$ cat my_file.txt   # compact mmCIF, C-alpha atoms
# COMPACT_ATOMS: atom_id res chain seq x y z
CA ASP A 1 144.57 105.82 129.18
CA ILE A 2 148.22 106.27 128.33
CA SER A 3 150.78 105.62 131.06
CA GLU A 4 153.43 108.17 131.99
CA LEU A 5 156.06 105.93 130.40
CA GLU A 6 154.13 105.88 127.12
CA VAL A 7 153.66 109.67 127.25
CA ALA A 8 157.41 110.06 127.73
CA LYS A 9 158.04 107.76 124.74
CA LEU A 10 155.62 109.80 122.60
CA ARG A 11 157.22 113.06 123.76
CA ARG A 12 160.67 111.76 122.70
CA ARG A 13 159.34 110.68 119.29
CA LEU A 14 157.70 114.05 118.69
CA GLY A 15 160.84 115.85 119.87
CA ASN A 16 162.97 113.87 117.43
CA ALA A 17 160.58 114.64 114.57
CA ARG A 18 160.66 118.34 115.49
CA SER A 19 164.45 118.38 115.61
CA ILE A 20 164.69 116.85 112.15
CA ALA A 21 162.18 119.35 110.73
CA ARG A 22 163.97 122.26 112.39
CA ARG A 23 167.37 121.23 111.04
CA GLN A 24 165.85 121.01 107.57
CA ALA A 25 164.26 124.46 107.85
CA LEU A 26 167.42 126.09 109.18
CA LYS A 27 169.65 124.93 106.36
CA SER A 28 171.46 127.90 104.87
CA THR A 29 170.13 127.14 101.38
CA VAL A 30 166.54 127.28 102.64
CA ARG A 31 167.18 130.55 104.50
CA ALA A 32 168.91 132.07 101.45
CA THR A 33 166.00 131.12 99.18
CA LEU A 34 163.44 132.57 101.60
CA THR A 35 165.46 135.77 102.04
CA LYS A 36 165.64 136.26 98.27
CA GLU A 37 161.89 135.66 97.88
CA LEU A 38 161.11 138.18 100.63
CA GLN A 39 163.38 140.78 99.01
CA ASP A 40 161.66 140.23 95.66
CA ILE A 41 158.25 140.70 97.29
CA GLU A 42 159.43 143.83 99.09
CA GLY A 43 160.56 145.29 95.75
CA ARG A 44 157.24 144.54 94.07
CA VAL A 45 155.24 146.06 96.93
CA ALA A 46 157.39 149.20 96.89
CA ALA A 47 156.53 149.64 93.19
CA TRP A 48 152.76 149.56 93.77
CA ASN A 49 150.98 152.72 92.71
CA LEU A 50 147.83 152.83 94.81
CA PRO A 51 145.12 155.45 94.31
CA PRO A 52 144.86 157.86 97.27
CA ASP A 53 141.07 157.62 97.53
CA GLY A 54 141.05 154.13 99.07
CA THR A 55 138.95 152.51 96.34
CA CYS A 56 141.41 149.64 96.08
CA LEU A 57 140.95 148.95 99.82
CA HIS A 58 137.20 148.72 99.38
CA ALA A 59 137.53 146.40 96.38
CA GLY A 60 140.16 144.26 98.10
CA VAL A 61 138.19 143.76 101.31
CA ARG A 62 135.05 143.02 99.31
CA ARG A 63 136.94 140.43 97.23
CA LEU A 64 138.41 138.80 100.35
CA TYR A 65 134.98 138.63 102.00
CA ARG A 66 133.54 136.95 98.88
CA LYS A 67 136.39 134.44 98.87
CA VAL A 68 135.61 133.44 102.47
CA ARG A 69 131.96 132.96 101.58
CA GLN A 70 132.92 130.87 98.54
CA ALA A 71 135.34 128.76 100.59
CA LEU A 72 132.65 128.14 103.21
CA ALA A 73 130.18 127.12 100.49
CA VAL A 74 132.69 124.63 99.08
CA GLU A 75 133.42 123.36 102.60
CA ARG A 76 129.72 122.85 103.27
CA TRP A 77 129.42 120.85 100.06
CA ALA A 78 132.65 118.81 100.24
CA GLY A 79 133.43 118.82 103.97
CA THR A 80 137.07 117.76 103.71
CA ALA A 81 140.12 118.79 105.71
CA GLU A 82 141.41 120.60 102.62
CA THR A 83 138.23 122.64 102.13
CA LEU A 84 138.15 123.56 105.81
CA HIS A 85 141.80 124.60 105.62
CA GLU A 86 141.04 126.78 102.58
CA ALA A 87 138.18 128.45 104.48
CA ARG A 88 140.61 129.10 107.35
CA LYS A 89 143.18 130.67 105.03
CA GLN A 90 140.61 132.95 103.40
CA ALA A 91 139.24 133.96 106.82
CA LYS A 92 142.79 134.76 107.94
CA TYR A 93 143.42 136.96 104.88
CA LEU A 94 140.25 138.94 105.57
CA GLU A 95 141.04 139.25 109.26
CA LEU A 96 144.49 140.62 108.45
CA ALA A 97 143.03 143.10 105.96
CA LEU A 98 140.47 144.37 108.49
CA GLU A 99 142.82 144.49 111.48
CA PRO A 100 144.21 148.01 110.90
CA PHE A 101 140.68 149.42 110.72
CA GLY A 102 139.66 147.85 114.03
CA ALA A 103 142.45 149.53 115.96
CA GLU A 104 141.64 153.03 114.75
CA SER A 105 137.92 152.97 114.05
CA LYS A 106 134.68 153.02 115.91
CA LYS A 107 133.44 150.24 118.14
CA ILE A 108 131.63 148.41 115.32
CA MET A 109 134.88 147.90 113.39
CA ALA A 110 136.66 146.60 116.46
CA GLU A 111 133.80 144.10 116.91
CA VAL A 112 133.95 143.04 113.25
CA VAL A 113 137.69 142.51 113.47
CA GLU A 114 137.32 140.58 116.73
CA ARG A 115 134.64 138.30 115.24
CA ALA A 116 136.74 137.69 112.11
CA LYS A 117 139.72 136.84 114.34
CA SER A 118 137.64 134.51 116.49
CA VAL A 119 136.46 132.56 113.43
CA GLU A 120 140.00 132.33 112.09
CA ASP A 121 141.36 131.26 115.50
CA ASP A 122 138.85 128.39 115.70
CA PHE A 123 139.74 127.30 112.18
CA GLY A 124 143.42 127.55 113.11
CA MET A 125 142.95 125.36 116.20
CA ASP A 126 141.15 122.81 114.04
CA ARG A 127 144.07 122.83 111.60
CA ASP A 128 146.53 122.42 114.49
CA LEU A 129 144.59 119.43 115.80
CA SER A 130 144.49 117.93 112.32
CA LEU A 131 148.26 118.25 111.99
CA LEU A 132 148.78 116.93 115.53
CA LYS A 133 146.64 113.89 114.82
CA GLU A 134 148.50 113.30 111.55
CA LYS A 135 151.88 113.41 113.36
CA VAL A 136 150.85 111.52 116.50
CA GLU A 137 148.86 108.70 114.95
CA PRO A 138 151.77 106.77 113.42
CA LEU A 139 153.83 107.31 116.57
CA VAL A 140 151.32 105.93 119.07
CA MET A 141 149.75 102.94 117.39
CA ASP A 142 152.14 100.64 119.25
CA VAL A 143 151.58 102.49 122.54
CA ASP A 144 149.06 101.33 125.12
CA GLY A 145 146.19 103.82 124.95
CA GLY A 146 147.52 105.34 121.73
CA LYS A 147 144.34 104.65 119.80
CA SER A 148 142.27 106.32 122.52
CA LEU A 149 144.52 109.39 122.36
CA VAL A 150 143.99 109.67 118.59
CA SER A 151 140.28 109.14 119.13
CA ARG A 152 140.15 111.94 121.74
CA ILE A 153 141.97 114.30 119.37
CA ALA A 154 139.43 113.45 116.64
CA GLN A 155 136.50 114.06 119.00
CA LEU A 156 137.89 117.40 120.12
CA GLN A 157 138.49 118.35 116.50
CA GLN A 158 134.93 117.44 115.53
CA LYS A 159 133.46 119.60 118.32
CA LEU A 160 135.72 122.47 117.35
CA GLN A 161 134.76 122.17 113.67
CA ILE A 162 131.06 122.33 114.50
CA ARG A 163 131.57 125.44 116.64
CA ALA A 164 133.88 127.10 114.11
CA LEU A 165 131.60 126.48 111.16
CA ARG A 166 128.51 127.66 113.06
CA LYS A 167 130.32 130.86 114.05
CA ALA A 168 131.69 131.38 110.52
CA ARG A 169 128.33 130.89 108.84
CA ARG A 170 126.76 133.48 111.15
CA PHE A 171 129.56 135.99 110.59
CA TYR A 172 129.74 135.51 106.82
CA ASP A 173 125.98 135.21 106.31
CA ALA A 174 125.53 138.60 104.60
CA LYS A 175 126.45 139.05 100.96
CA ALA A 176 129.55 141.12 100.24
CA GLY A 177 127.66 144.30 99.32
CA LYS A 178 125.70 144.34 102.56
CA PHE A 179 128.84 143.61 104.57
CA MET A 180 130.71 146.48 102.89
CA ARG A 181 127.82 148.94 103.41
CA ARG A 182 127.85 148.04 107.10
CA LEU A 183 131.56 148.78 107.31
CA ALA A 184 131.56 151.93 105.17
CA GLY A 185 130.13 154.19 107.86
CA HIS A 186 132.62 153.00 110.44
CA ALA A 187 135.84 152.79 108.45
CA PRO A 188 136.21 155.74 106.06
CA GLY A 189 139.00 153.99 104.16
CA LEU A 190 136.53 151.29 103.14
CA ALA A 191 133.89 153.59 101.63
CA ALA A 192 133.25 152.91 97.95
$ encode --input "my_file.txt" --output "structure tokens"
Amino acid sequence: DISELEVAKLRRRLGNARSIARRQALKSTVRATLTKELQDIEGRVAAWNLPPDGTCLHAGVRRLYRKVRQALAVERWAGTAETLHEARKQAKYLELALEPFGAESKKIMAEVVERAKSVEDDFGMDRDLSLLKEKVEPLVMDVDGGKSLVSRIAQLQQKLQIRALRKARRFYDAKAGKFMRRLAGHAPGLAA
């Protein structure tokens, strides 16, 4: 195990790394670039001409659902941190698209949104652990117990991945058409 002194040393190292990253992100040039990009996006979104019948919502949610299924298939085949991260991103996009329907629709939609969020949360925790391990590993190799800390992070991450992938495969088991038919009766804006 890591001593309190070693934990304090690690905490200082992580704090220094965070301070450097924060200073970099808060530079006025970075903020100005991000502000301009957000204004450009806002202008493009304002110019969208969406049909009033909701058909684009149906097609968009269907496409997002397919993308999650594809990302999970690639993850199953390749099984890398990158493929898992891609599956997480696609699950997040779908969760965000479904979220407004869960708040205003029948119980089934709230359950669908909650399950989508749960899958995405597990994938997000896995990603956080991956990034933590990546940051901590070089900082603790000279620390007593540092290797065991990295090993514990990896074990926790592996358990979380198994749970997240099992949950995701159950939730995204149905093909897109079946998923959309299930939603159509509970979220009028998603009817084809």
$ residues_around --input "my_file.txt" --residues "Gln90 in chain A" --least-positions-apart "5" --cutoff "8 Å" --atoms "all atoms listed in the file" --output "compact mmCIF listing (two decimals) with C-alpha atoms, keeping the file's coordinate frame"
# COMPACT_ATOMS: atom_id res chain seq x y z
CA LEU A 64 138.41 138.80 100.35
CA LYS A 67 136.39 134.44 98.87
CA VAL A 68 135.61 133.44 102.47
CA ALA A 71 135.34 128.76 100.59
$ residues_around --input "my_file.txt" --residues "range 80-84 of chain A" --least-positions-apart "2" --cutoff "12 Å" --atoms "all atoms listed in the file" --output "PyMOL selection string"
chain A and resi 68+70-78+86-91+119-120+122-131+134+157-158+160-162+164-165+168
$ atom_distance --input "my_file.txt" --atom1 "CA of Val136 in chain A" --atom2 "CA of Asn16 in chain A"
12.4 Å
$ atom_distance --input "my_file.txt" --atom1 "CA of Thr29 in chain A" --atom2 "CA of Glu42 in chain A"
20.0 Å
$ closest_residue --input "my_file.txt" --among "A:Arg66, A:His58, A:Ala47, A:Val7" --to "Asp173 in chain A" --atoms "only C-alpha atoms"
A:Arg66
$ closest_residue --input "my_file.txt" --among "A:Arg182, A:Lys167, A:Val150, A:Leu132" --to "Leu14 in chain A" --atoms "only C-alpha atoms"
A:Leu132
$ atom_distance --input "my_file.txt" --atom1 "CA of Ala8 in chain A" --atom2 "CA of Lys147 in chain A"
16.2 Å
$ closest_residue --input "my_file.txt" --among "A:Ile41, A:Leu10, A:Cys56, A:Leu26" --to "Val140 in chain A" --atoms "all atoms listed in the file"
A:Leu10
